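As provided, work_35.cif (mmCIF, C-alpha atoms and all ligand atoms) reads as follows.
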```
data_query
loop_
_atom_site.label_atom_id
_atom_site.label_comp_id
_atom_site.auth_asym_id
_atom_site.auth_seq_id
_atom_site.Cartn_x
_atom_site.Cartn_y
_atom_site.Cartn_z
CA MET A 1 48.28 93.15 103.30
CA GLN A 2 49.19 89.57 102.34
CA GLU A 3 49.28 89.05 98.58
CA ILE A 4 48.42 85.37 98.77
CA SER A 5 47.15 83.59 101.85
CA PHE A 6 46.33 79.97 102.46
CA GLY A 7 46.05 80.78 106.17
CA SER A 8 42.29 80.82 106.57
CA ASP A 9 39.08 81.29 104.66
CA ASN A 10 38.66 84.26 107.02
CA HIS A 11 41.50 85.94 105.17
CA SER A 12 39.27 86.43 102.14
CA ALA A 13 37.52 89.65 101.27
CA VAL A 14 33.75 90.20 101.15
CA HIS A 15 31.82 89.06 98.09
CA PRO A 16 30.87 92.05 95.88
CA LEU A 17 27.19 90.99 95.90
CA VAL A 18 27.25 91.02 99.70
CA MET A 19 28.89 94.45 99.66
CA ALA A 20 26.22 95.70 97.27
CA ALA A 21 23.51 94.34 99.55
CA LEU A 22 25.05 96.19 102.50
CA SER A 23 25.04 99.43 100.51
CA GLU A 24 21.46 98.93 99.47
CA VAL A 25 20.17 98.90 103.04
CA ASN A 26 22.53 101.67 104.08
CA GLN A 27 19.93 104.40 104.10
CA GLY A 28 17.09 105.71 106.18
CA PHE A 29 15.97 104.62 109.61
CA CYS A 30 15.09 101.16 110.72
CA PHE A 31 14.26 99.45 114.03
CA GLY A 32 17.23 97.70 115.62
CA TYR A 33 17.88 94.35 117.32
CA GLY A 34 16.16 92.30 114.60
CA ASP A 35 12.77 94.04 114.77
CA ASP A 36 13.15 95.10 111.15
CA PRO A 37 11.54 93.89 107.92
CA TYR A 38 14.89 92.74 106.49
CA THR A 39 15.49 90.33 109.35
CA GLU A 40 11.92 89.08 109.16
CA GLU A 41 12.28 88.42 105.43
CA VAL A 42 15.61 86.65 105.72
CA ILE A 43 14.41 84.44 108.55
CA ALA A 44 11.57 83.30 106.27
CA LEU A 45 14.09 82.60 103.49
CA LEU A 46 16.33 80.64 105.85
CA ARG A 47 13.32 78.69 107.11
CA ASP A 48 12.57 77.70 103.52
CA SER A 49 16.18 76.61 102.99
CA PHE A 50 16.39 74.57 106.18
CA GLY A 51 12.88 73.24 106.17
CA GLY A 52 10.35 72.43 108.75
CA ASN A 53 9.58 73.65 112.12
CA CYS A 54 12.65 75.67 113.08
CA ASP A 55 13.51 78.81 115.00
CA ILE A 56 16.30 81.06 113.74
CA TRP A 57 18.51 83.69 115.33
CA MET A 58 21.25 85.85 113.83
CA VAL A 59 24.51 86.32 115.69
CA MET A 60 27.83 87.98 114.97
CA THR A 61 30.39 85.16 115.22
CA GLY A 62 30.78 81.42 114.83
CA THR A 63 32.00 81.10 118.40
CA GLY A 64 28.91 83.00 119.54
CA ALA A 65 26.65 80.65 117.57
CA ASN A 66 28.26 77.59 119.18
CA VAL A 67 28.21 79.02 122.68
CA ILE A 68 24.59 80.16 122.58
CA SER A 69 23.29 76.99 120.93
CA LEU A 70 24.97 74.79 123.51
CA GLN A 71 24.10 77.05 126.41
CA ALA A 72 20.41 76.74 125.57
CA LEU A 73 20.61 72.95 125.81
CA LEU A 74 22.94 72.39 128.75
CA HIS A 75 23.02 72.48 132.53
CA SER A 76 26.33 72.94 134.32
CA PHE A 77 26.31 69.22 135.23
CA ASN A 78 26.13 68.16 131.57
CA ALA A 79 28.87 67.21 129.11
CA VAL A 80 29.31 67.65 125.37
CA LEU A 81 31.01 64.94 123.34
CA CYS A 82 33.00 66.36 120.44
CA PRO A 83 35.95 65.45 118.21
CA HIS A 84 39.28 66.40 119.76
CA THR A 85 39.91 68.61 116.74
CA SER A 86 36.64 70.54 117.09
CA HIS A 87 36.69 74.31 117.12
CA ILE A 88 34.76 74.38 120.40
CA ASN A 89 37.48 72.25 121.98
CA VAL A 90 40.62 73.78 120.49
CA ASP A 91 39.98 77.30 119.29
CA GLU A 92 37.36 79.04 121.41
CA CYS A 93 39.41 79.85 124.47
CA GLY A 94 37.11 77.80 126.67
CA ALA A 95 34.09 79.95 125.71
CA VAL A 96 31.66 77.02 125.84
CA GLN A 97 32.94 76.00 129.28
CA LYS A 98 32.77 79.61 130.51
CA PHE A 99 29.20 80.24 129.42
CA THR A 100 27.73 76.80 130.10
CA GLN A 101 29.95 75.57 132.95
CA ALA A 102 29.49 72.16 131.36
CA ARG A 103 32.35 69.83 130.40
CA LEU A 104 33.65 69.16 126.94
CA LEU A 105 34.65 65.54 126.43
CA PRO A 106 36.89 65.39 123.35
CA ILE A 107 37.10 62.10 121.45
CA ASN A 108 40.11 61.27 119.28
CA THR A 109 39.22 60.82 115.63
CA PRO A 110 41.47 60.06 112.68
CA ASP A 111 39.62 62.36 110.26
CA GLY A 112 37.71 64.88 112.40
CA LYS A 113 34.51 62.82 112.26
CA LEU A 114 32.58 61.12 115.06
CA SER A 115 30.73 57.84 114.60
CA PRO A 116 28.57 55.69 116.91
CA GLU A 117 31.57 53.37 117.35
CA LEU A 118 33.76 56.22 118.59
CA ILE A 119 31.05 57.65 120.84
CA GLU A 120 29.89 54.41 122.47
CA PRO A 121 32.90 53.92 124.81
CA ALA A 122 32.54 57.51 126.07
CA LEU A 123 28.95 57.15 127.25
CA GLY A 124 29.49 55.69 130.72
CA GLY A 125 28.36 57.28 133.96
CA ARG A 126 24.73 57.91 133.10
CA GLY A 127 22.72 58.54 136.25
CA ASP A 128 25.88 58.43 138.37
CA GLN A 129 26.03 61.52 140.56
CA HIS A 130 29.83 61.56 140.32
CA HIS A 131 29.87 62.03 136.57
CA SER A 132 28.96 64.87 134.23
CA GLN A 133 25.83 63.79 132.39
CA LYS A 134 26.33 63.53 128.64
CA LYS A 135 23.75 65.60 126.84
CA ILE A 136 25.03 66.66 123.42
CA VAL A 137 27.13 65.30 120.60
CA SER A 138 28.64 68.24 118.73
CA ILE A 139 30.14 67.75 115.29
CA SER A 140 31.37 70.12 112.59
CA GLN A 141 30.20 69.86 108.98
CA SER A 142 32.52 70.24 107.16
CA THR A 143 35.06 69.23 109.79
CA GLU A 144 38.15 71.10 110.91
CA TYR A 145 40.12 68.56 108.80
CA GLY A 146 38.21 69.55 105.65
CA THR A 147 36.36 66.23 105.56
CA ALA A 148 32.59 65.96 105.28
CA TYR A 149 30.02 63.56 106.71
CA SER A 150 27.87 61.85 104.07
CA LEU A 151 24.08 62.01 104.45
CA ASP A 152 24.09 58.35 105.53
CA GLU A 153 26.74 59.03 108.17
CA LEU A 154 24.74 62.00 109.47
CA SER A 155 21.47 60.04 109.60
CA ALA A 156 23.14 57.11 111.35
CA LEU A 157 24.79 59.47 113.84
CA ALA A 158 21.56 61.37 114.58
CA GLU A 159 19.64 58.13 115.04
CA TYR A 160 22.28 56.77 117.39
CA VAL A 161 22.54 60.03 119.36
CA HIS A 162 18.76 60.18 119.81
CA SER A 163 18.58 56.52 120.78
CA LYS A 164 20.91 57.38 123.67
CA GLY A 165 18.73 60.31 124.75
CA LEU A 166 21.26 62.87 123.49
CA LEU A 167 20.99 65.80 121.07
CA LEU A 168 22.97 66.47 117.90
CA HIS A 169 24.56 69.90 117.45
CA ILE A 170 26.27 70.81 114.17
CA ASP A 171 28.86 73.58 114.01
CA GLY A 172 28.18 74.73 110.47
CA ALA A 173 30.76 77.48 110.13
CA ARG A 174 31.51 75.68 106.83
CA LEU A 175 28.12 74.07 106.24
CA ALA A 176 28.11 75.59 102.75
CA ASN A 177 31.34 73.77 101.81
CA ALA A 178 29.88 70.45 102.92
CA ALA A 179 26.58 70.98 101.05
CA ALA A 180 28.54 71.97 97.95
CA TYR A 181 30.75 68.89 98.24
CA LEU A 182 27.79 66.54 98.72
CA GLY A 183 25.69 68.33 96.10
CA VAL A 184 22.70 68.48 98.45
CA SER A 185 20.41 71.13 99.90
CA LEU A 186 20.88 72.64 103.34
CA LYS A 187 17.64 70.98 104.36
CA ALA A 188 18.82 67.52 103.24
CA MET A 189 21.93 67.84 105.39
CA THR A 190 20.24 69.13 108.55
CA SER A 191 16.52 68.80 109.29
CA GLU A 192 16.13 65.75 107.06
CA VAL A 193 18.94 63.81 108.76
CA GLY A 194 17.70 64.60 112.25
CA ALA A 195 20.04 67.38 113.43
CA ASP A 196 18.76 69.30 116.45
CA VAL A 197 20.61 72.62 116.42
CA VAL A 198 22.82 73.84 113.59
CA SER A 199 24.78 76.96 112.76
CA PHE A 200 25.02 78.27 109.21
CA GLY A 201 28.15 80.30 108.75
CA GLY A 202 28.53 83.22 106.40
CA THR A 203 31.80 84.89 107.36
CA LYS A 204 34.19 82.29 105.88
CA ASN A 205 32.40 82.12 102.57
CA GLY A 206 31.67 85.65 101.35
CA MET A 207 29.96 87.60 104.13
CA MET A 208 31.56 90.34 106.22
CA PHE A 209 30.11 89.06 109.48
CA GLY A 210 27.17 87.05 110.66
CA GLU A 211 26.15 83.51 111.44
CA ALA A 212 22.70 82.01 111.85
CA ILE A 213 21.55 79.55 114.49
CA ILE A 214 18.81 77.17 113.36
CA SER A 215 17.01 75.10 115.94
CA PHE A 216 14.86 72.13 114.97
CA VAL A 217 13.93 71.67 118.63
CA PRO A 218 12.28 75.07 119.24
CA GLU A 219 10.68 73.83 122.44
CA LEU A 220 14.17 73.37 123.94
CA THR A 221 15.82 76.54 122.69
CA GLN A 222 13.41 79.37 123.58
CA ASN A 223 16.00 80.88 125.91
CA ILE A 224 18.45 81.53 123.07
CA LEU A 225 16.81 84.93 122.81
CA TYR A 226 18.14 85.86 126.25
CA PHE A 227 21.44 83.98 126.07
CA ARG A 228 22.23 85.80 122.82
CA LYS A 229 21.93 89.17 124.54
CA GLN A 230 23.91 88.03 127.58
CA ALA A 231 26.71 86.78 125.34
CA SER A 232 26.89 90.18 123.55
CA GLN A 233 25.85 88.52 120.29
CA LEU A 234 22.70 90.59 119.69
CA TYR A 235 23.77 93.07 117.04
CA SER A 236 21.78 96.29 117.19
CA LYS A 237 21.94 97.23 113.49
CA ALA A 238 20.60 93.80 112.57
CA ARG A 239 19.47 94.83 109.09
CA PHE A 240 23.15 94.66 108.08
CA ILE A 241 23.33 90.96 108.93
CA ALA A 242 19.98 90.29 107.27
CA ALA A 243 20.97 92.08 104.07
CA GLN A 244 24.11 89.98 103.80
CA TYR A 245 22.19 86.74 104.28
CA LYS A 246 19.66 87.79 101.67
CA ALA A 247 22.44 88.20 99.11
CA TYR A 248 24.10 84.98 100.33
CA LEU A 249 20.90 82.99 99.82
CA GLN A 250 19.94 84.61 96.51
CA ASP A 251 20.54 82.09 93.70
CA GLU A 252 22.50 80.08 96.28
CA LEU A 253 25.50 82.42 96.25
CA TRP A 254 26.72 80.41 99.25
CA ARG A 255 26.93 77.32 97.05
CA SER A 256 28.85 78.92 94.19
CA CYS A 257 31.36 80.46 96.62
CA ALA A 258 31.81 77.13 98.41
CA LEU A 259 32.06 75.13 95.18
CA HIS A 260 34.85 77.42 94.04
CA ALA A 261 36.72 77.17 97.37
CA ASN A 262 36.37 73.36 97.32
CA ARG A 263 37.54 73.15 93.72
CA MET A 264 40.63 75.22 94.56
CA ALA A 265 41.45 72.88 97.45
CA SER A 266 41.10 69.81 95.20
CA LEU A 267 43.33 71.40 92.59
CA LEU A 268 45.92 72.30 95.21
CA ALA A 269 45.95 68.74 96.57
CA GLN A 270 46.23 67.32 93.09
CA GLU A 271 49.19 69.56 92.29
CA LEU A 272 50.91 68.76 95.58
CA ASP A 273 50.60 65.08 94.82
CA GLN A 274 53.30 65.26 92.13
CA PHE A 275 56.02 65.81 94.76
CA PRO A 276 57.21 62.61 96.43
CA GLN A 277 58.49 64.61 99.45
CA VAL A 278 54.97 65.84 100.18
CA ARG A 279 52.07 63.92 101.72
CA VAL A 280 48.45 65.08 101.82
CA THR A 281 47.15 63.58 105.05
CA GLN A 282 43.37 63.98 104.85
CA LYS A 283 40.75 63.47 102.17
CA VAL A 284 40.16 66.81 100.45
CA GLN A 285 36.39 67.13 100.44
CA ALA A 286 35.81 70.76 101.44
CA ASN A 287 38.20 73.71 101.26
CA ALA A 288 41.16 72.55 103.38
CA VAL A 289 44.33 70.69 102.47
CA PHE A 290 46.40 69.12 105.24
CA VAL A 291 49.89 68.36 104.10
CA ILE A 292 53.21 67.20 105.50
CA LEU A 293 56.08 69.16 103.98
CA PRO A 294 59.86 68.98 104.50
CA PRO A 295 60.61 71.42 107.36
CA GLU A 296 63.10 73.44 105.30
CA TRP A 297 60.41 74.03 102.67
CA ILE A 298 58.02 75.28 105.32
CA LYS A 299 60.65 77.80 106.42
CA ALA A 300 61.12 79.00 102.85
CA LEU A 301 57.42 79.11 101.93
CA GLN A 302 55.80 80.60 105.03
CA PRO A 303 57.05 84.18 104.62
CA ARG A 304 55.61 84.31 101.11
CA TYR A 305 52.39 82.32 101.54
CA MET A 306 50.69 82.78 104.83
CA PHE A 307 49.64 79.41 106.28
CA TYR A 308 49.44 77.83 109.71
CA MET A 309 51.10 74.74 111.03
CA TRP A 310 48.59 72.18 112.25
CA ASP A 311 51.05 69.77 113.84
CA GLU A 312 54.58 71.11 114.32
CA VAL A 313 55.89 67.71 115.39
CA ILE A 314 55.16 66.00 112.10
CA HIS A 315 55.51 69.21 110.01
CA GLU A 316 51.88 69.13 108.98
CA ALA A 317 50.52 72.38 107.55
CA ARG A 318 46.93 73.44 106.92
CA LEU A 319 46.30 75.19 103.61
CA MET A 320 42.87 76.79 103.33
CA CYS A 321 41.16 77.95 100.15
CA SER A 322 38.26 80.35 99.88
CA PHE A 323 36.01 81.86 97.27
CA THR A 324 38.79 84.37 96.56
CA THR A 325 41.55 81.80 95.97
CA ARG A 326 42.57 81.86 92.32
CA GLU A 327 44.23 79.24 90.14
CA GLU A 328 47.26 81.48 89.77
CA HIS A 329 47.71 81.55 93.55
CA ILE A 330 48.03 77.79 93.42
CA SER A 331 50.31 77.73 90.39
CA THR A 332 52.60 80.32 92.03
CA LEU A 333 52.87 78.20 95.18
CA ILE A 334 53.48 75.06 93.15
CA ARG A 335 56.16 76.83 91.09
CA ASP A 336 58.00 77.70 94.31
CA ILE A 337 57.60 74.17 95.64
CA ARG A 338 59.06 72.85 92.39
CA THR A 339 62.06 75.17 92.84
CA LEU A 340 62.54 73.86 96.37
CA SER A 341 62.29 70.27 95.24
CA GLU A 342 64.90 70.88 92.52
CA CYS A 343 67.20 72.60 95.05
CA ARG A 344 66.82 69.58 97.25
CA GLU A 345 67.69 67.19 94.42
CA ASN A 346 70.86 69.22 93.85
CA GLY A 347 71.67 69.17 97.53
CA ILE A 348 71.12 72.93 97.99
CA ILE A 349 68.32 74.42 99.99
CA GLN A 350 67.96 78.14 99.78
CA ASN A 351 65.37 80.71 100.51
CA LEU A 352 63.05 81.59 97.67
CA GLN A 353 63.99 84.82 95.93
C1 LIG B 401 34.57 75.07 112.51
C2 LIG B 401 34.54 76.46 113.09
N1 LIG B 401 33.56 76.80 113.94
C3 LIG B 401 33.49 78.01 114.49
C4 LIG B 401 34.40 78.99 114.18
C5 LIG B 401 34.32 80.30 114.91
O1 LIG B 401 34.07 81.39 114.14
P1 LIG B 401 34.43 82.88 114.67
O2 LIG B 401 35.88 83.04 114.45
O3 LIG B 401 33.56 83.73 113.81
O4 LIG B 401 34.05 82.95 116.10
C6 LIG B 401 35.43 78.71 113.29
C7 LIG B 401 36.43 79.75 112.95
O5 LIG B 401 37.49 79.51 112.46
C8 LIG B 401 35.52 77.40 112.74
O6 LIG B 401 36.51 77.06 111.91
#
```

How does this structure look as structure tokens?
Ligand SMILES: Cc1ncc(COP(=O)(O)O)c(C=O)c1O
Amino acid sequence: MQEISFGSDNHSAVHPLVMAALSEVNQGFCFGYGDDPYTEEVIALLRDSFGGNCDIWMVMTGTGANVISLQALLHSFNAVLCPHTSHINVDECGAVQKFTQARLLPINTPDGKLSPELIEPALGGRGDQHHSQKKIVSISQSTEYGTAYSLDELSALAEYVHSKGLLLHIDGARLANAAAYLGVSLKAMTSEVGADVVSFGGTKNGMMFGEAIISFVPELTQNILYFRKQASQLYSKARFIAAQYKAYLQDELWRSCALHANRMASLLAQELDQFPQVRVTQKVQANAVFVILPPEWIKALQPRYMFYMWDEVIHEARLMCSFTTREEHISTLIRDIRTLSECRENGIIQNLQ
């Protein structure tokens, strides 16, 4: 067990209120596969939170949510435009390509965010039988760089995407962190800006497992029901996902967990800023801090504080905070960084004791 980890928000435990909710439904018999009163109730609650005319499905994983959402909207001859940093492009082992047979067309972005200006040059080949036909723009909110689209940016993007006859998919594995950062409702950031299909993650922010797919284009996504089963994402004991979501939605637990994680990331970035040898490379808006560190510090720090390298070439690390990150975790890391910086001033670099 790692004492302190900045490796991932997945390294966190489960929120005690979510655990309690799991225990509460852990009795008696209940229909499976979502035909249970808990799932029905939580779908109604989610519909209230997201607003409007939407269909909702529960799945097990964030990758599953992305795959199934995109599969419902794509033919094999289609293409999905996405930031080059997107989880679907980098971290899903080609799952989207496997299940949809469509192409992913990654677009380079400086901050993990797409804009009409970045998308426009990638839109050629429409109606040309030699080219994959662009169908979806997929973004992440918050992004893999810990940045967040503003409501204006989302509205402008959705309007542009629709004007080109495309659909807007949002990977919301960290939707809660973005809503907490912007101080807005889930509805304001999704249905009200014109998103088409969105996922609402739970696992990174207090749940044990479970993600929800929300479709604002129900007429286009009816087949999700079948794709979910084919992709092994239909969990039989569905009441245990529903119970978690009920606790997660109650008094907006998702928001307080995300606000805490975001606040920890801001604090960490602020503390790192005092060291001239360190450079935070992205705006800290959600729960991630991207930072360039001297390579010898990375070697000394990594055994004690689990974190991943984002870009080995420039020595850029990714430090993630979660609802379980505590201020003392940050002060301990900063204390060790101070020791390293003093060693460096004295011309000695040594491993931390
Ligand atoms: C932005 C984003 N989307 C999707 C996922 C996939 O989630 P899972 O690991 O549950 O498949 C992750 C996981 O790290 C993620 O960061």

Residues within 8 Å of Lys134 (chain A), all atoms listed in the file, excluding chain neighbours under 5 positions, as JSON, numbers by chain: {"A": [78, 79, 80, 81, 123, 126, 166]}

Pick the closest to ligand LIG 401 (chain B) from A:Arg279, A:His84, A:Lys113, A:Arg174: which is it, counting all atoms listed in the file?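 Closest residue, counting all atoms listed in the file: A:Arg174.
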
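Between CA of Asp111 (chain A) and CA of Ser163 (chain A) the separation is 24.2 Å.
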
Test item: residues lying within 10 Å of ligand LIG 401 (chain B) with all atoms listed in the file, as a PyMOL selection string: chain A and resi 8-10+59-67+85-88+90-92+139-146+170-175+199-204+209-211

Could those residues be written to a file, using C-alpha atoms, as an mmCIF file, in the coordinates of the input?
```
data_model
loop_
_atom_site.group_PDB
_atom_site.id
_atom_site.type_symbol
_atom_site.label_atom_id
_atom_site.label_comp_id
_atom_site.auth_asym_id
_atom_site.auth_seq_id
_atom_site.Cartn_x
_atom_site.Cartn_y
_atom_site.Cartn_z
ATOM 1 C CA SER A 8 42.290 80.820 106.570
ATOM 2 C CA ASP A 9 39.080 81.290 104.660
ATOM 3 C CA ASN A 10 38.660 84.260 107.020
ATOM 4 C CA VAL A 59 24.510 86.320 115.690
ATOM 5 C CA MET A 60 27.830 87.980 114.970
ATOM 6 C CA THR A 61 30.390 85.160 115.220
ATOM 7 C CA GLY A 62 30.780 81.420 114.830
ATOM 8 C CA THR A 63 32.000 81.100 118.400
ATOM 9 C CA GLY A 64 28.910 83.000 119.540
ATOM 10 C CA ALA A 65 26.650 80.650 117.570
ATOM 11 C CA ASN A 66 28.260 77.590 119.180
ATOM 12 C CA VAL A 67 28.210 79.020 122.680
ATOM 13 C CA THR A 85 39.910 68.610 116.740
ATOM 14 C CA SER A 86 36.640 70.540 117.090
ATOM 15 C CA HIS A 87 36.690 74.310 117.120
ATOM 16 C CA ILE A 88 34.760 74.380 120.400
ATOM 17 C CA VAL A 90 40.620 73.780 120.490
ATOM 18 C CA ASP A 91 39.980 77.300 119.290
ATOM 19 C CA GLU A 92 37.360 79.040 121.410
ATOM 20 C CA ILE A 139 30.140 67.750 115.290
ATOM 21 C CA SER A 140 31.370 70.120 112.590
ATOM 22 C CA GLN A 141 30.200 69.860 108.980
ATOM 23 C CA SER A 142 32.520 70.240 107.160
ATOM 24 C CA THR A 143 35.060 69.230 109.790
ATOM 25 C CA GLU A 144 38.150 71.100 110.910
ATOM 26 C CA TYR A 145 40.120 68.560 108.800
ATOM 27 C CA GLY A 146 38.210 69.550 105.650
ATOM 28 C CA ILE A 170 26.270 70.810 114.170
ATOM 29 C CA ASP A 171 28.860 73.580 114.010
ATOM 30 C CA GLY A 172 28.180 74.730 110.470
ATOM 31 C CA ALA A 173 30.760 77.480 110.130
ATOM 32 C CA ARG A 174 31.510 75.680 106.830
ATOM 33 C CA LEU A 175 28.120 74.070 106.240
ATOM 34 C CA SER A 199 24.780 76.960 112.760
ATOM 35 C CA PHE A 200 25.020 78.270 109.210
ATOM 36 C CA GLY A 201 28.150 80.300 108.750
ATOM 37 C CA GLY A 202 28.530 83.220 106.400
ATOM 38 C CA THR A 203 31.800 84.890 107.360
ATOM 39 C CA LYS A 204 34.190 82.290 105.880
ATOM 40 C CA PHE A 209 30.110 89.060 109.480
ATOM 41 C CA GLY A 210 27.170 87.050 110.660
ATOM 42 C CA GLU A 211 26.150 83.510 111.440
#
```

When you look at Ala188 (chain A) with a cut-off of 12 Å (counting only C-alpha atoms), what residues show up, excluding the ones that are within fewer than 6 positions of it in the same chain? I need them as a compact mmCIF listing (two decimals) with C-alpha atoms, in the frame of the given file.
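Saved file out_3.txt follows:
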```txt
# COMPACT_ATOMS: atom_id res chain seq x y z
CA ASP A 48 12.57 77.70 103.52
CA SER A 49 16.18 76.61 102.99
CA PHE A 50 16.39 74.57 106.18
CA GLY A 51 12.88 73.24 106.17
CA GLY A 52 10.35 72.43 108.75
CA SER A 150 27.87 61.85 104.07
CA LEU A 151 24.08 62.01 104.45
CA ASP A 152 24.09 58.35 105.53
CA LEU A 154 24.74 62.00 109.47
CA SER A 155 21.47 60.04 109.60
CA LEU A 175 28.12 74.07 106.24
CA ALA A 178 29.88 70.45 102.92
CA ALA A 179 26.58 70.98 101.05
CA ALA A 180 28.54 71.97 97.95
CA LEU A 182 27.79 66.54 98.72
CA GLY A 194 17.70 64.60 112.25
CA ALA A 195 20.04 67.38 113.43
```

Can you sort out the box for region 13-24 of chain A, edges along x, y and z, all listed atoms in, 8 Å on every side, with centre and edge lengths in Å to one decimal, as JSON?
```
{"center_x": 29.5, "center_y": 94.2, "center_z": 99.2, "size_x": 32.1, "size_y": 26.4, "size_z": 22.6}
```

With all atoms listed in the file as the basis for distance, which of A:Val193, A:Ala72, A:Leu293, A:Leu46 is at the shortest distance from Tyr248 (chain A)?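 Using all atoms listed in the file, the shortest distance to Tyr248 (chain A) belongs to A:Leu46.
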
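Residues in contact with Ser331 (chain A) at 10 Å, where only C-alpha atoms are counted and same-chain residues fewer than 4 positions away are skipped, are listed as Leu267, Leu268, Glu271, Arg326, Glu327, Arg335, Asp336 and Ile337 of chain A.
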
One decimal, Å: what's the distance from CA of Pro276 (chain A) over to CA of Ile334 (chain A), could you say? 13.4 Å

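Proximity ranking of A:Met1, A:Ile213, A:Ala176, A:Val198 relative to Asn287 (chain A) places A:Ala176 first, based on only C-alpha atoms.
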
Contacts of Val14 (chain A) at 8 Å or less, counting all atoms listed in the file, minus same-chain residues fewer than 3 places along, as a VMD selection string? chain A and resid 18 to 19 206 to 208
